[in-house]
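Here's the structure, in structure tokens; my notes come after.
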Amino acid sequence: MDDVAFYESLGPWATQRAVRDTLGVDDAALDSMRESHRLLAVRFGGDLYYPLPQFTGGRVIAGLEPVLIALSAGFTSPEAQAAWFAEPAYEDDARTRWQVLGDGDGSDVVRWAGIDAAAVRR
């Protein structure tokens, strides 16, 4: 799989402008949200794109921040974090980790993020 196909498989994606307009914030606020692990964005060709599954009802899904903090201990690149979220959450269930988090099972997703980040650090 080439890079383009790989990143497309992690989407869908929203542009910086779309996220800024949806959340009603400016670029500085988005920068702050990314830096403080409250939002995930990946840079493609100089532009930032946001995995669309992290939003619902015009807001960031509940529970995202602790998952991003846990992931950042081992998965240091936003690309790796986006890939982690896009993977199936369970062997016998096609739902992604994004979907499990969006369904309100944040404590499970935080736990998995901590376990996987620790494994990457070894």
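Chain lettering (A, B, ...) mirrors the order of the structure tokens, residue numbering begins at 1 for each chain separately, and ligand numbering begins at 1 in order of display.
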Quiz item: Which parts of range 13-108 of chain A does DSSP call helix (DSSP H, G or I) when run on the backbone here, written out as JSON, numbers by chain?
Solution: {"A": [16, 17, 18, 19, 20, 21, 22, 23, 27, 28, 29, 30, 31, 32, 33, 34, 35, 52, 53, 54, 64, 65, 66, 67, 68, 69, 70, 71, 72, 78, 79, 80, 81, 82, 83, 84, 85, 86, 97, 98, 99, 100, 101, 102, 106, 107, 108]}
Keeping only C-alpha atoms, write the selected residues to a file as a short mmCIF file (atom, residue, chain, number, x, y, z; two decimals), in the first residue's frame.
data_model
loop_
_atom_site.label_atom_id
_atom_site.label_comp_id
_atom_site.auth_asym_id
_atom_site.auth_seq_id
_atom_site.Cartn_x
_atom_site.Cartn_y
_atom_site.Cartn_z
CA GLN A 16 -8.20 23.01 9.14
CA ARG A 17 -10.75 25.53 7.87
CA ALA A 18 -13.67 23.12 8.26
CA VAL A 19 -12.66 22.26 11.84
CA ARG A 20 -12.07 25.92 12.71
CA ASP A 21 -15.49 26.87 11.35
CA THR A 22 -17.29 23.91 12.94
CA LEU A 23 -15.80 24.48 16.39
CA ASP A 27 -6.12 28.81 14.24
CA ALA A 28 -4.36 29.70 17.50
CA ALA A 29 -7.04 27.85 19.48
CA LEU A 30 -6.66 24.80 17.23
CA ASP A 31 -2.88 24.93 17.73
CA SER A 32 -3.42 24.98 21.48
CA MET A 33 -5.90 22.10 21.33
CA ARG A 34 -3.45 19.98 19.32
CA GLU A 35 -0.51 20.81 21.60
CA LEU A 52 -13.32 13.24 11.09
CA PRO A 53 -14.30 10.49 13.58
CA GLN A 54 -13.03 12.67 16.46
CA LEU A 64 -10.45 12.05 23.44
CA GLU A 65 -7.94 13.99 25.55
CA PRO A 66 -6.99 11.20 28.00
CA VAL A 67 -6.60 8.77 25.10
CA LEU A 68 -4.30 11.15 23.21
CA ILE A 69 -2.26 11.75 26.37
CA ALA A 70 -1.88 8.01 26.94
CA LEU A 71 -0.99 7.38 23.30
CA SER A 72 1.61 10.16 23.21
CA PRO A 78 0.20 12.15 14.84
CA GLU A 79 0.26 9.72 11.91
CA ALA A 80 0.88 6.78 14.25
CA GLN A 81 -1.87 7.97 16.59
CA ALA A 82 -4.36 8.29 13.71
CA ALA A 83 -3.45 4.79 12.52
CA TRP A 84 -3.92 3.41 16.06
CA PHE A 85 -7.43 4.90 16.28
CA ALA A 86 -8.40 3.57 12.85
CA ARG A 97 -11.20 2.51 18.31
CA TRP A 98 -12.68 5.81 17.15
CA GLN A 99 -16.11 4.19 17.10
CA VAL A 100 -15.70 2.61 20.53
CA LEU A 101 -14.67 5.99 21.96
CA GLY A 102 -17.59 7.67 20.20
CA GLY A 106 -13.62 5.88 26.81
CA SER A 107 -12.21 4.02 29.79
CA ASP A 108 -11.53 0.95 27.63
#
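Compared by their closest atoms to Arg38 in chain A, and using only C-alpha atoms, the residues A:Phe55, A:Phe6, A:Phe75, A:Trp13 rank with A:Phe55 nearest.
The space between CA of Leu10 in chain A and CA of Pro51 in chain A spans 7.5 Å.
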Exercise. May I ask which of the residues A:Ala113, A:Ala14, A:Ala62, A:Val25 is the closest one to Leu48 in chain A, counting only C-alpha atoms?
Key: A:Ala14
Quiz item: Between CA of Phe44 in chain A and CA of Gly74 in chain A, what is the distance, to one decimal in Å?
Solution: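 Rounded to one decimal, the two atoms are 21.7 Å apart.
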Quiz item: So which one's closest to Pro12 in chain A, A:Tyr49, A:Leu39, A:Ser77, A:Asp26? Using only C-alpha atoms, please.
Solution: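 Among the listed residues, A:Tyr49 lies closest to Pro12 in chain A.
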Quiz item: If you run DSSP on the backbone, which residues of chain A are strand (DSSP E or B), as a list of chain:residue names?
Solution: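 Answer for chain A restricted to strand (DSSP E or B) is A:Trp13, A:Ala14, A:Thr15, A:Val42, A:Arg43, A:Phe44, A:Asp47, A:Leu48, A:Tyr49, A:Tyr50, A:Pro51, A:Phe55, A:Thr56, A:Arg59, A:Val60, A:Pro88, A:Ala89, A:Tyr90, A:Asp93, A:Ala94, A:Arg95, A:Thr96.
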For the selection you just gave me, I'd like the residues written to a file as an mmCIF file, in the first residue's frame, keeping N, CA and C atoms.
data_model
loop_
_atom_site.group_PDB
_atom_site.id
_atom_site.type_symbol
_atom_site.label_atom_id
_atom_site.label_comp_id
_atom_site.auth_asym_id
_atom_site.auth_seq_id
_atom_site.Cartn_x
_atom_site.Cartn_y
_atom_site.Cartn_z
ATOM 1 N N TRP A 13 -11.167 12.687 6.384
ATOM 2 C CA TRP A 13 -10.437 13.797 6.980
ATOM 3 C C TRP A 13 -11.199 15.102 6.805
ATOM 4 N N ALA A 14 -10.977 16.035 7.729
ATOM 5 C CA ALA A 14 -11.536 17.383 7.635
ATOM 6 C C ALA A 14 -10.378 18.370 7.540
ATOM 7 N N THR A 15 -10.579 19.442 6.803
ATOM 8 C CA THR A 15 -9.544 20.469 6.659
ATOM 9 C C THR A 15 -9.469 21.336 7.915
ATOM 10 N N VAL A 42 -3.073 15.628 11.380
ATOM 11 C CA VAL A 42 -1.924 15.096 10.655
ATOM 12 C C VAL A 42 -1.610 16.069 9.526
ATOM 13 N N ARG A 43 -0.326 16.296 9.309
ATOM 14 C CA ARG A 43 0.097 17.218 8.253
ATOM 15 C C ARG A 43 0.354 16.442 6.960
ATOM 16 N N PHE A 44 -0.326 16.871 5.904
ATOM 17 C CA PHE A 44 -0.121 16.321 4.562
ATOM 18 C C PHE A 44 0.271 17.475 3.650
ATOM 19 N N ASP A 47 -0.325 21.044 4.863
ATOM 20 C CA ASP A 47 -1.628 21.399 5.420
ATOM 21 C C ASP A 47 -2.041 20.407 6.495
ATOM 22 N N LEU A 48 -2.772 20.893 7.480
ATOM 23 C CA LEU A 48 -3.268 20.038 8.555
ATOM 24 C C LEU A 48 -4.643 19.484 8.209
ATOM 25 N N TYR A 49 -4.798 18.196 8.502
ATOM 26 C CA TYR A 49 -6.081 17.520 8.325
ATOM 27 C C TYR A 49 -6.414 16.774 9.612
ATOM 28 N N TYR A 50 -7.684 16.742 9.927
ATOM 29 C CA TYR A 50 -8.169 16.180 11.178
ATOM 30 C C TYR A 50 -9.011 14.944 10.895
ATOM 31 N N PRO A 51 -8.731 13.827 11.579
ATOM 32 C CA PRO A 51 -9.593 12.655 11.396
ATOM 33 C C PRO A 51 -11.034 13.014 11.793
ATOM 34 N N PHE A 55 -14.976 13.957 15.813
ATOM 35 C CA PHE A 55 -16.018 14.967 15.983
ATOM 36 C C PHE A 55 -17.399 14.328 15.913
ATOM 37 N N THR A 56 -18.281 14.858 16.720
ATOM 38 C CA THR A 56 -19.693 14.463 16.651
ATOM 39 C C THR A 56 -20.534 15.657 17.085
ATOM 40 N N ARG A 59 -18.799 18.956 17.810
ATOM 41 C CA ARG A 59 -17.873 19.037 18.952
ATOM 42 C C ARG A 59 -16.875 17.892 18.871
ATOM 43 N N VAL A 60 -15.815 18.014 19.680
ATOM 44 C CA VAL A 60 -14.845 16.931 19.812
ATOM 45 C C VAL A 60 -15.472 15.852 20.684
ATOM 46 N N PRO A 88 -9.220 -1.847 14.090
ATOM 47 C CA PRO A 88 -10.352 -2.470 14.787
ATOM 48 C C PRO A 88 -10.089 -2.558 16.286
ATOM 49 N N ALA A 89 -11.113 -2.295 17.066
ATOM 50 C CA ALA A 89 -10.973 -2.309 18.519
ATOM 51 C C ALA A 89 -10.922 -3.726 19.081
ATOM 52 N N TYR A 90 -11.642 -4.623 18.454
ATOM 53 C CA TYR A 90 -11.745 -5.998 18.929
ATOM 54 C C TYR A 90 -11.504 -6.950 17.773
ATOM 55 N N ASP A 93 -14.978 -7.805 16.108
ATOM 56 C CA ASP A 93 -15.869 -6.659 15.940
ATOM 57 C C ASP A 93 -15.180 -5.675 14.999
ATOM 58 N N ALA A 94 -15.848 -5.252 13.961
ATOM 59 C CA ALA A 94 -15.248 -4.374 12.956
ATOM 60 C C ALA A 94 -15.149 -2.915 13.404
ATOM 61 N N ARG A 95 -15.738 -2.585 14.568
ATOM 62 C CA ARG A 95 -15.682 -1.186 15.016
ATOM 63 C C ARG A 95 -14.235 -0.765 15.263
ATOM 64 N N THR A 96 -13.919 0.465 14.864
ATOM 65 C CA THR A 96 -12.596 1.011 15.127
ATOM 66 C C THR A 96 -12.540 1.547 16.550
#
Quiz item: To one decimal place, how far is CA of Ala117 in chain A from CA of Gly104 in chain A in Å?
Solution: 21.2 Å
